[in-house]
$ cat protein26.pdb   # PDB, C-alpha atoms
ATOM      1  CA  MET A   1      73.388  94.668  83.335
ATOM      2  CA  ASP A   2      72.915  97.659  80.991
ATOM      3  CA  GLY A   3      75.148  99.750  83.247
ATOM      4  CA  LEU A   4      77.862  97.075  83.205
ATOM      5  CA  VAL A   5      77.821  96.904  79.391
ATOM      6  CA  ALA A   6      77.912 100.708  79.114
ATOM      7  CA  GLY A   7      80.783 100.909  81.593
ATOM      8  CA  THR A   8      82.722  98.224  79.704
ATOM      9  CA  VAL A   9      82.286 100.031  76.378
ATOM     10  CA  ILE A  10      83.353 103.371  77.880
ATOM     11  CA  GLY A  11      86.359 101.702  79.494
ATOM     12  CA  LEU A  12      87.413 100.136  76.185
ATOM     13  CA  VAL A  13      87.131 103.459  74.365
ATOM     14  CA  LEU A  14      89.193 105.232  77.016
ATOM     15  CA  GLY A  15      91.766 102.445  76.933
ATOM     16  CA  LEU A  16      92.222 102.391  73.141
ATOM     17  CA  PRO A  17      95.344 104.650  73.179
ATOM     18  CA  GLN A  18      97.060 101.959  75.259
ATOM     19  CA  LEU A  19      95.300  98.866  73.915
ATOM     20  CA  LEU A  20      96.163  99.447  70.266
ATOM     21  CA  PRO A  21      99.962  99.793  70.794
ATOM     22  CA  ALA A  22      99.841  96.793  73.154
ATOM     23  CA  LEU A  23      98.178  94.662  70.478
ATOM     24  CA  ARG A  24     100.822  95.689  67.947
ATOM     25  CA  TYR A  25     103.609  94.880  70.401
ATOM     26  CA  TYR A  26     102.202  91.547  71.633
ATOM     27  CA  PRO A  27     103.642  89.367  68.795
ATOM     28  CA  GLN A  28     107.141  90.574  69.718
ATOM     29  CA  SER A  29     106.863  89.634  73.403
ATOM     30  CA  ILE A  30     107.681  86.337  75.080
ATOM     31  CA  ARG A  31     104.003  85.994  75.996
ATOM     32  CA  SER A  32     103.225  85.144  72.390
ATOM     33  CA  ARG A  33     105.360  81.999  72.579
ATOM     34  CA  PRO A  34     103.863  78.623  73.515
ATOM     35  CA  ARG A  35     103.768  78.404  77.269
ATOM     36  CA  LEU A  36     104.726  75.561  79.542
ATOM     37  CA  LYS A  37     101.985  73.651  81.283
ATOM     38  CA  GLU A  38     101.142  75.507  84.453
ATOM     39  CA  ARG A  39     100.118  74.005  87.733
ATOM     40  CA  GLY A  40      96.870  75.228  89.209
ATOM     41  CA  ILE A  41      96.779  76.650  92.695
ATOM     42  CA  PRO A  42      95.712  74.196  95.437
ATOM     43  CA  ALA A  43      92.063  74.330  96.515
ATOM     44  CA  ARG A  44      93.102  74.975 100.129
ATOM     45  CA  VAL A  45      94.992  78.103  99.015
ATOM     46  CA  LEU A  46      91.952  79.400  97.162
ATOM     47  CA  LEU A  47      89.790  78.731 100.214
ATOM     48  CA  LYS A  48      92.316  80.428 102.496
ATOM     49  CA  GLY A  49      92.346  83.484 100.237
ATOM     50  CA  LEU A  50      88.553  83.541 100.356
ATOM     51  CA  LEU A  51      88.503  83.771 104.153
ATOM     52  CA  THR A  52      91.499  85.951 104.997
ATOM     53  CA  PRO A  53      94.010  88.249 103.266
ATOM     54  CA  ARG A  54      96.697  87.767 105.899
ATOM     55  CA  PRO A  55      98.832  84.740 104.901
ATOM     56  CA  CYS A  56     102.087  85.665 103.163
ATOM     57  CA  ASP A  57     103.212  82.244 101.954
ATOM     58  CA  GLN A  58     104.223  81.676  98.334
ATOM     59  CA  ILE A  59     102.529  79.234  95.946
ATOM     60  CA  HIS A  60     104.478  78.011  92.911
ATOM     61  CA  GLY A  61     106.546  81.189  93.025
ATOM     62  CA  LEU A  62     103.473  83.437  93.333
ATOM     63  CA  PHE A  63     102.913  85.833  96.209
ATOM     64  CA  PHE A  64      99.791  85.147  98.238
ATOM     65  CA  PRO A  65      98.143  88.490  97.292
ATOM     66  CA  GLU A  66      98.176  87.287  93.674
ATOM     67  CA  VAL A  67      95.813  84.420  94.532
ATOM     68  CA  CYS A  68      93.905  86.054  97.375
ATOM     69  CA  VAL A  69      90.189  86.482  96.575
ATOM     70  CA  PHE A  70      89.140  88.045  99.879
ATOM     71  CA  VAL A  71      86.174  90.392  99.396
ATOM     72  CA  GLY A  72      85.186  90.607 103.058
ATOM     73  CA  TRP A  73      83.008  88.397 105.234
ATOM     74  CA  LEU A  74      79.890  90.529 104.767
ATOM     75  CA  PRO A  75      79.948  90.333 100.944
ATOM     76  CA  LEU A  76      80.768  86.631 101.209
ATOM     77  CA  LEU A  77      77.574  86.112 103.206
ATOM     78  CA  THR A  78      75.370  88.024 100.783
ATOM     79  CA  VAL A  79      76.681  85.964  97.845
ATOM     80  CA  TRP A  80      74.592  83.025  99.091
ATOM     81  CA  PHE A  81      71.384  85.061  98.685
ATOM     82  CA  ALA A  82      72.121  86.163  95.097
ATOM     83  CA  PRO A  83      69.640  84.878  92.474
ATOM     84  CA  LEU A  84      71.030  82.799  89.630
ATOM     85  CA  SER A  85      72.789  84.952  87.021
ATOM     86  CA  TRP A  86      75.576  84.777  84.482
ATOM     87  CA  TRP A  87      77.995  85.925  87.208
ATOM     88  CA  HIS A  88      77.638  82.426  88.685
ATOM     89  CA  GLY A  89      78.994  81.114  85.378
ATOM     90  CA  VAL A  90      81.917  83.539  85.465
ATOM     91  CA  LEU A  91      82.658  82.444  89.027
ATOM     92  CA  GLY A  92      82.592  78.760  88.098
ATOM     93  CA  VAL A  93      84.850  79.191  85.066
ATOM     94  CA  ALA A  94      87.298  81.347  87.030
ATOM     95  CA  VAL A  95      87.542  78.841  89.889
ATOM     96  CA  LEU A  96      88.112  75.953  87.455
ATOM     97  CA  GLY A  97      90.759  77.949  85.614
ATOM     98  CA  ALA A  98      92.626  78.824  88.801
ATOM     99  CA  LEU A  99      92.565  75.228  90.071
ATOM    100  CA  SER A 100      93.347  73.509  86.767
ATOM    101  CA  GLY A 101      96.194  75.714  85.544
ATOM    102  CA  TRP A 102      94.264  76.975  82.500
ATOM    103  CA  ALA A 103      94.090  80.693  81.811
ATOM    104  CA  PRO A 104      92.409  82.768  79.081
ATOM    105  CA  PRO A 105      94.734  84.308  76.437
ATOM    106  CA  GLY A 106      96.471  87.380  77.820
ATOM    107  CA  PHE A 107      96.284  86.292  81.457
ATOM    108  CA  ARG A 108      99.721  84.580  81.233
ATOM    109  CA  LEU A 109      99.232  82.880  84.622
ATOM    110  CA  SER A 110      96.279  80.789  85.703
ATOM    111  CA  ALA A 111      96.456  82.588  89.058
ATOM    112  CA  ARG A 112      95.103  85.662  87.251
ATOM    113  CA  CYS A 113      91.774  83.840  87.139
ATOM    114  CA  CYS A 114      91.524  84.829  90.799
ATOM    115  CA  TRP A 115      90.821  88.365  89.588
ATOM    116  CA  LEU A 116      87.649  87.081  87.943
ATOM    117  CA  VAL A 117      86.788  85.194  91.119
ATOM    118  CA  SER A 118      86.965  88.416  93.149
ATOM    119  CA  ILE A 119      84.998  90.438  90.576
ATOM    120  CA  SER A 120      82.237  87.848  90.284
ATOM    121  CA  LEU A 121      81.967  87.534  94.066
ATOM    122  CA  ALA A 122      81.670  91.315  94.378
ATOM    123  CA  PHE A 123      78.809  91.518  91.845
ATOM    124  CA  LEU A 124      77.038  88.486  93.309
ATOM    125  CA  SER A 125      77.196  90.046  96.766
ATOM    126  CA  LEU A 126      75.491  93.186  95.411
ATOM    127  CA  HIS A 127      72.816  91.054  93.757
ATOM    128  CA  GLY A 128      72.181  89.172  96.993
ATOM    129  CA  LEU A 129      72.029  92.197  99.284
ATOM    130  CA  PRO A 130      68.307  93.002  98.698
ATOM    131  CA  TYR A 131      67.348  89.412  99.511
ATOM    132  CA  LEU A 132      68.714  89.397 103.065
ATOM    133  CA  PRO A 133      66.155  89.068 105.879
ATOM    134  CA  TRP A 134      66.393  92.579 107.355
ATOM    135  CA  ASP A 135      65.681  92.074 111.047
ATOM    136  CA  GLY A 136      67.532  93.073 114.200
ATOM    137  CA  ASN A 137      69.601  89.899 114.465
ATOM    138  CA  THR A 138      70.638  90.113 110.832
ATOM    139  CA  LEU A 139      71.795  93.709 111.200
ATOM    140  CA  LEU A 140      73.831  92.769 114.282
ATOM    141  CA  LEU A 141      75.469  89.881 112.425
ATOM    142  CA  LEU A 142      76.238  92.078 109.417
ATOM    143  CA  GLY A 143      77.777  94.728 111.628
ATOM    144  CA  VAL A 144      80.023  92.200 113.374
ATOM    145  CA  LEU A 145      81.123  90.656 110.062
ATOM    146  CA  GLN A 146      81.920  94.046 108.574
ATOM    147  CA  LEU A 147      83.875  95.068 111.668
ATOM    148  CA  LEU A 148      85.982  91.904 111.579
ATOM    149  CA  SER A 149      86.607  92.305 107.846
ATOM    150  CA  LEU A 150      87.845  95.864 108.372
ATOM    151  CA  LEU A 151      90.151  94.665 111.142
ATOM    152  CA  LEU A 152      91.628  92.088 108.753
ATOM    153  CA  ALA A 153      92.015  94.524 105.859
ATOM    154  CA  SER A 154      93.800  97.185 107.892
ATOM    155  CA  TRP A 155      96.340  99.702 106.621
ATOM    156  CA  THR A 156      99.187  97.441 107.772
ATOM    157  CA  LEU A 157      98.384  94.995 104.957
ATOM    158  CA  LEU A 158     100.701  96.525 102.377
ATOM    159  CA  PRO A 159     100.687  95.237  98.787
ATOM    160  CA  MET A 160     102.881  92.147  98.512
ATOM    161  CA  SER A 161     104.013  92.580 102.128
ATOM    162  CA  PRO A 162     106.595  91.690 103.319
ATOM    163  CA  PHE A 163     108.238  90.910  99.982
ATOM    164  CA  CYS A 164     108.248  94.377  98.399
ATOM    165  CA  GLN A 165     109.106  97.883  99.403
ATOM    166  CA  ARG A 166     106.100 100.026 100.339
ATOM    167  CA  TRP A 167     104.741 102.233  97.581
ATOM    168  CA  GLU A 168     105.816 105.835  97.986
ATOM    169  CA  ARG A 169     105.134 109.142  96.293
ATOM    170  CA  PRO A 170     107.763 110.058  93.677
ATOM    171  CA  SER A 171     108.822 113.010  95.821
ATOM    172  CA  VAL A 172     109.657 110.603  98.664
ATOM    173  CA  ALA A 173     111.066 107.705  96.626
ATOM    174  CA  CYS A 174     113.258 110.035  94.556
ATOM    175  CA  GLY A 175     114.417 112.058  97.540
ATOM    176  CA  THR A 176     116.662 109.423  99.154
ATOM    177  CA  PRO A 177     120.492 109.696  98.964
ATOM    178  CA  LEU A 178     120.522 106.628  96.699
ATOM    179  CA  ALA A 179     118.027 108.115  94.243
ATOM    180  CA  GLN A 180     119.640 111.544  94.270
ATOM    181  CA  THR A 181     123.076 110.067  93.545
ATOM    182  CA  LEU A 182     121.820 107.886  90.706
ATOM    183  CA  MET A 183     119.732 110.626  89.128
ATOM    184  CA  VAL A 184     122.957 112.600  88.678
ATOM    185  CA  SER A 185     125.332 109.740  87.813
ATOM    186  CA  ALA A 186     123.146 107.090  86.173
ATOM    187  CA  PRO A 187     123.088 108.676  82.669
ATOM    188  CA  THR A 188     126.639 107.342  82.318
ATOM    189  CA  GLY A 189     125.584 103.728  82.878
ATOM    190  CA  ARG A 190     122.936 101.207  83.862
ATOM    191  CA  VAL A 191     122.065 100.337  87.449
ATOM    192  CA  SER A 192     121.515  96.856  88.868
ATOM    193  CA  GLY A 193     119.719  95.718  91.998
ATOM    194  CA  LEU A 194     117.253  98.554  92.575
ATOM    195  CA  SER A 195     113.979  97.960  94.387
ATOM    196  CA  TYR A 196     110.582  99.340  93.429
ATOM    197  CA  PRO A 197     109.900 102.053  92.330
ATOM    198  CA  LEU A 198     113.438 103.104  91.350
ATOM    199  CA  ARG A 199     114.001  99.977  89.273
ATOM    200  CA  THR A 200     111.467 101.093  86.661
ATOM    201  CA  GLY A 201     113.436 104.199  85.708
ATOM    202  CA  GLN A 202     110.232 105.742  84.377
ATOM    203  CA  VAL A 203     109.990 108.744  86.692
ATOM    204  CA  ASN A 204     113.593 109.438  87.582
ATOM    205  CA  ARG A 205     115.260 108.640  84.208
ATOM    206  CA  ILE A 206     117.660 106.187  85.829
ATOM    207  CA  GLN A 207     118.954 103.687  83.265
ATOM    208  CA  THR A 208     117.922 100.300  84.594
ATOM    209  CA  LEU A 209     118.746  96.846  83.236
ATOM    210  CA  GLY A 210     115.651  96.900  81.054
ATOM    211  CA  TYR A 211     112.276  95.275  81.514
ATOM    212  CA  ASN A 212     112.558  91.493  81.755
ATOM    213  CA  GLY A 213     109.184  90.453  83.110
ATOM    214  CA  GLY A 214     106.366  88.544  81.481
ATOM    215  CA  SER A 215     105.934  90.963  78.563
ATOM    216  CA  GLN A 216     109.577  91.566  77.702
ATOM    217  CA  PRO A 217     110.527  91.444  74.017
ATOM    218  CA  ARG A 218     112.026  88.184  72.816
ATOM    219  CA  TRP A 219     115.277  89.884  71.832
ATOM    220  CA  MET A 220     115.673  91.141  75.405
ATOM    221  CA  ALA A 221     115.153  87.634  76.765
ATOM    222  CA  ARG A 222     117.843  86.291  74.409
ATOM    223  CA  LEU A 223     120.207  89.140  75.245
ATOM    224  CA  ARG A 224     119.778  88.725  79.006
ATOM    225  CA  ARG A 225     119.822  84.914  78.670
ATOM    226  CA  ASP A 226     116.515  84.745  80.476
ATOM    227  CA  SER A 227     115.376  81.126  80.149
ATOM    228  CA  ASN A 228     112.163  81.605  82.159
ATOM    229  CA  PRO A 229     109.301  81.369  79.627
ATOM    230  CA  HIS A 230     107.258  83.791  81.750
ATOM    231  CA  GLY A 231     110.111  86.234  82.372
ATOM    232  CA  SER A 232     112.373  86.103  85.405
ATOM    233  CA  GLY A 233     111.674  89.672  86.503
ATOM    234  CA  ALA A 234     115.244  89.828  87.839
ATOM    235  CA  HIS A 235     116.211  93.473  88.294
ATOM    236  CA  ASP A 236     119.559  92.384  89.719
ATOM    237  CA  TRP A 237     122.170  91.374  87.118
ATOM    238  CA  PHE A 238     123.673  88.821  89.490
ATOM    239  CA  ALA A 239     120.337  87.044  89.882
ATOM    240  CA  SER A 240     120.691  85.461  86.434
ATOM    241  CA  ASN A 241     124.206  86.363  85.206
ATOM    242  CA  HIS A 242     127.748  86.369  86.517
ATOM    243  CA  ASP A 243     130.080  89.300  86.842
ATOM    244  CA  GLY A 244     132.328  89.665  83.834
ATOM    245  CA  ARG A 245     132.826  91.220  80.421
ATOM    246  CA  ARG A 246     129.148  90.946  79.426
ATOM    247  CA  LEU A 247     128.224  93.071  82.413
ATOM    248  CA  ASP A 248     130.864  95.635  81.455
ATOM    249  CA  TRP A 249     129.736  95.650  77.794
ATOM    250  CA  TYR A 250     126.092  96.059  78.812
ATOM    251  CA  GLY A 251     127.111  99.214  80.652
ATOM    252  CA  VAL A 252     126.238  98.218  84.228
ATOM    253  CA  ARG A 253     128.146 100.961  86.005
ATOM    254  CA  TYR A 254     126.327 100.843  89.333
ATOM    255  CA  ALA A 255     125.062  97.982  91.475
ATOM    256  CA  PHE A 256     123.094  98.262  94.698
ATOM    257  CA  SER A 257     123.974  95.080  96.540
ATOM    258  CA  TYR A 258     124.545  93.777 100.050
ATOM    259  CA  ARG A 259     127.341  91.580  98.683
ATOM    260  CA  PRO A 260     130.807  93.050  99.337
ATOM    261  CA  LEU A 261     131.582  93.566  95.642
ATOM    262  CA  HIS A 262     134.703  95.622  96.336
ATOM    263  CA  ARG A 263     136.192  92.598  98.101
ATOM    264  CA  LEU A 264     135.325  90.228  95.246
ATOM    265  CA  SER A 265     136.877  92.315  92.448
ATOM    266  CA  SER A 266     139.048  95.406  92.307
ATOM    267  CA  LYS A 267     136.907  96.866  89.524
ATOM    268  CA  TRP A 268     134.122  97.638  92.018
ATOM    269  CA  ARG A 269     134.428 100.790  94.102
ATOM    270  CA  LEU A 270     132.227 101.435  97.127
ATOM    271  CA  THR A 271     130.566 104.838  96.800
ATOM    272  CA  ASP A 272     129.546 107.252  99.535
ATOM    273  CA  VAL A 273     126.036 105.704  99.497
ATOM    274  CA  PRO A 274     125.935 102.508 101.587
ATOM    275  CA  HIS A 275     125.788  99.311  99.489
ATOM    276  CA  LEU A 276     126.071 101.221  96.184
ATOM    277  CA  TYR A 277     129.065 100.148  94.092
ATOM    278  CA  GLU A 278     130.558 101.656  90.945
ATOM    279  CA  ASN A 279     132.012  99.475  88.183
ATOM    280  CA  LEU A 280     135.216 101.129  86.979
ATOM    281  CA  HIS A 281     135.371  98.895  83.871
ATOM    282  CA  ALA A 282     131.854  99.570  82.567
ATOM    283  CA  ASN A 283     131.424 100.747  78.997
ATOM    284  CA  ALA A 284     128.904 103.307  77.808
ATOM    285  CA  PRO A 285     125.599 101.409  77.621
ATOM    286  CA  PRO A 286     124.382 100.530  74.112
ATOM    287  CA  SER A 287     121.024 101.993  73.126
ATOM    288  CA  TRP A 288     117.931  99.797  72.928
ATOM    289  CA  ASP A 289     117.921 100.151  69.129
ATOM    290  CA  GLU A 290     121.505  98.872  68.989
ATOM    291  CA  LEU A 291     120.709  95.950  71.259
ATOM    292  CA  ALA A 292     117.569  94.986  69.355
ATOM    293  CA  ALA A 293     119.294  95.054  65.962
TER     294      ALA A 293
END
$ encode --input "protein26.pdb" --output "structure tokens"
Amino acid sequence: MDGLVAGTVIGLVLGLPQLLPALRYYPQSIRSRPRLKERGIPARVLLKGLLTPRPCDQIHGLFFPEVCVFVGWLPLLTVWFAPLSWWHGVLGVAVLGALSGWAPPGFRLSARCCWLVSISLAFLSLHGLPYLPWDGNTLLLLGVLQLLSLLLASWTLLPMSPFCQRWERPSVACGTPLAQTLMVSAPTGRVSGLSYPLRTGQVNRIQTLGYNGGSQPRWMARLRRDSNPHGSGAHDWFASNHDGRRLDWYGVRYAFSYRPLHRLSSKWRLTDVPHLYENLHANAPPSWDELAA
């Protein structure tokens, strides 16, 4: 317990350079607005995530990894031997929050309560480990459970698979023909339709559409006409807006899309990179300060 408190205090001190600006920014974000009533995740989904990390179905628009609380079959067994502690209370509150649709301030989604479920299960499993009956049969059972858990949690289980592109090193992600072309041309305009990690624009300085997820500023939500109270997260202009003068004014010069844009409008020119189109009518993109004014 003392080690947990000390670790929490150290973590808070180390995180202050990011926590303090985040607290100042929070009132400007859409998260500070009253939220719609959320639906809790079904109990069967929580149970499924407790037993296996493999399902890839979506629940209320959430990816299964967001509600998966799989800690392994061996830790799950040792949880039952853990003596009563305040971690049992954390586990109970987290399960109720995930099922009921309630979430603590800052969590934004009740599904985030599953993080607390996983953390509490992990600590309870450590507390229960010394209380296992250490005989030959127990060791055999533990070995089998750990082996099966490792087989489930193999390297093929990519984050958010199969819905997202696999994480890559910047040297790999920025070395593709698409990235190389945009890193030279993108300063003249914004880019729509990029996948992770290019869509962030943080490493490669590509001008993206701007962050429009759950923490976007309210002025950005109004500007992008994002009616989702939790942020649409649409990194493709056409996912929430139509082609037209607003797109040109916003400075969307490039669009990576599998739609044949050059056949839909003469203003789109297909570049040498497959599926990358250039908007010949795009204006110079306004700065963030101009847009926020």
$ closest_residue --input "protein26.pdb" --among "A:Ser29, A:Ser118, A:Thr52, A:Asn241" --to "Ser149 of chain A" --atoms "only C-alpha atoms"
A:Thr52
$ resolve_selection --input "protein26.pdb" --expression "the PyMOL selection byres ((chain A and resi 253) around 7)" --output "list in words"
Gly189, Arg190, Val191, Gly251, Val252, Tyr254, Ala255, Glu278, Asn279 and Ala282 of chain A
$ residues_around --input "protein26.pdb" --residues "Glu290 of chain A" --least-positions-apart "5" --cutoff "12 Å" --atoms "only C-alpha atoms" --output "MDAnalysis selection string"
chainID A and resid 219:220 223 250 285
$ residues_around --input "protein26.pdb" --residues "Arg169 of chain A" --least-positions-apart "2" --cutoff "12 Å" --atoms "only C-alpha atoms" --output "list in words"
Arg166, Trp167, Ser171, Val172, Ala173, Cys174, Gly175, Thr176, Tyr196, Pro197, Leu198 and Val203 of chain A
$ atom_distance --input "protein26.pdb" --atom1 "atom CA of Pro170 of chain A" --atom2 "atom CA of Gln202 of chain A"
10.5 Å
$ resolve_selection --input "protein26.pdb" --expression "the PyMOL selection byres ((chain A and resi 138-142) around 12)" --output "ChimeraX atom specification"
/A:72-78,129,131-137,143-149
$ write_last_selection --input "protein26.pdb" --atoms "C-alpha atoms" --output "PDB file, keeping the file's coordinate frame"
ATOM      1  CA  GLY A  72      85.186  90.607 103.058  1.00  0.00           C
ATOM      2  CA  TRP A  73      83.008  88.397 105.234  1.00  0.00           C
ATOM      3  CA  LEU A  74      79.890  90.529 104.767  1.00  0.00           C
ATOM      4  CA  PRO A  75      79.948  90.333 100.944  1.00  0.00           C
ATOM      5  CA  LEU A  76      80.768  86.631 101.209  1.00  0.00           C
ATOM      6  CA  LEU A  77      77.574  86.112 103.206  1.00  0.00           C
ATOM      7  CA  THR A  78      75.370  88.024 100.783  1.00  0.00           C
ATOM      8  CA  LEU A 129      72.029  92.197  99.284  1.00  0.00           C
ATOM      9  CA  TYR A 131      67.348  89.412  99.511  1.00  0.00           C
ATOM     10  CA  LEU A 132      68.714  89.397 103.065  1.00  0.00           C
ATOM     11  CA  PRO A 133      66.155  89.068 105.879  1.00  0.00           C
ATOM     12  CA  TRP A 134      66.393  92.579 107.355  1.00  0.00           C
ATOM     13  CA  ASP A 135      65.681  92.074 111.047  1.00  0.00           C
ATOM     14  CA  GLY A 136      67.532  93.073 114.200  1.00  0.00           C
ATOM     15  CA  ASN A 137      69.601  89.899 114.465  1.00  0.00           C
ATOM     16  CA  GLY A 143      77.777  94.728 111.628  1.00  0.00           C
ATOM     17  CA  VAL A 144      80.023  92.200 113.374  1.00  0.00           C
ATOM     18  CA  LEU A 145      81.123  90.656 110.062  1.00  0.00           C
ATOM     19  CA  GLN A 146      81.920  94.046 108.574  1.00  0.00           C
ATOM     20  CA  LEU A 147      83.875  95.068 111.668  1.00  0.00           C
ATOM     21  CA  LEU A 148      85.982  91.904 111.579  1.00  0.00           C
ATOM     22  CA  SER A 149      86.607  92.305 107.846  1.00  0.00           C
TER      23      SER A 149
END
$ axis_aligned_box --input "protein26.pdb" --around "segment 170-186 of chain A" --padding-each-side "3 Å" --output "JSON"
{"center_x": 116.5, "center_y": 109.8, "center_z": 92.7, "size_x": 23.6, "size_y": 12.4, "size_z": 19.0}
$ residues_around --input "protein26.pdb" --residues "Leu124 of chain A" --least-positions-apart "2" --cutoff "10 Å" --atoms "all atoms listed in the file" --output "PyMOL selection string"
chain A and resi 75-76+78-88+91+118-122+126-129
$ resolve_selection --input "protein26.pdb" --expression "the PyMOL selection byres ((chain A and resi 213) around 9)" --output "tab-separated table (two decimals) with C-alpha atoms, keeping the file's coordinate frame"
chain	number	residue	atom	x	y	z
A	211	TYR	CA	112.28	95.28	81.51
A	212	ASN	CA	112.56	91.49	81.76
A	214	GLY	CA	106.37	88.54	81.48
A	215	SER	CA	105.93	90.96	78.56
A	216	GLN	CA	109.58	91.57	77.70
A	230	HIS	CA	107.26	83.79	81.75
A	231	GLY	CA	110.11	86.23	82.37
A	232	SER	CA	112.37	86.10	85.40
A	233	GLY	CA	111.67	89.67	86.50
A	234	ALA	CA	115.24	89.83	87.84
$ atom_distance --input "protein26.pdb" --atom1 "atom CA of Ser227 of chain A" --atom2 "atom CA of Gly201 of chain A"
23.8 Å
$ closest_residue --input "protein26.pdb" --among "A:Gly193, A:Pro17, A:Pro260, A:Pro274" --to "Pro177 of chain A" --atoms "all atoms listed in the file"
A:Pro274
$ residues_around --input "protein26.pdb" --residues "Leu47 of chain A" --least-positions-apart "3" --cutoff "10 Å" --atoms "all atoms listed in the file" --output "mmCIF file with C-alpha atoms, in the coordinates of the input"
data_model
loop_
_atom_site.group_PDB
_atom_site.id
_atom_site.type_symbol
_atom_site.label_atom_id
_atom_site.label_comp_id
_atom_site.auth_asym_id
_atom_site.auth_seq_id
_atom_site.Cartn_x
_atom_site.Cartn_y
_atom_site.Cartn_z
ATOM 1 C CA PRO A 42 95.712 74.196 95.437
ATOM 2 C CA ALA A 43 92.063 74.330 96.515
ATOM 3 C CA ARG A 44 93.102 74.975 100.129
ATOM 4 C CA LEU A 50 88.553 83.541 100.356
ATOM 5 C CA LEU A 51 88.503 83.771 104.153
ATOM 6 C CA THR A 52 91.499 85.951 104.997
ATOM 7 C CA CYS A 68 93.905 86.054 97.375
ATOM 8 C CA VAL A 69 90.189 86.482 96.575
ATOM 9 C CA PHE A 70 89.140 88.045 99.879
#
$ closest_residue --input "protein26.pdb" --among "A:Cys114, A:Gln28, A:Val45, A:Asn283" --to "Gly92 of chain A" --atoms "all atoms listed in the file"
A:Cys114
$ closest_residue --input "protein26.pdb" --among "A:Ala22, A:Leu247, A:Val90, A:Ile59" --to "Ala284 of chain A" --atoms "all atoms listed in the file"
A:Leu247
$ closest_residue --input "protein26.pdb" --among "A:Arg54, A:Arg205, A:His235, A:Arg224" --to "Gln180 of chain A" --atoms "all atoms listed in the file"
A:Arg205
$ atom_distance --input "protein26.pdb" --atom1 "atom CA of Gly101 of chain A" --atom2 "atom CA of Ile41 of chain A"
7.2 Å
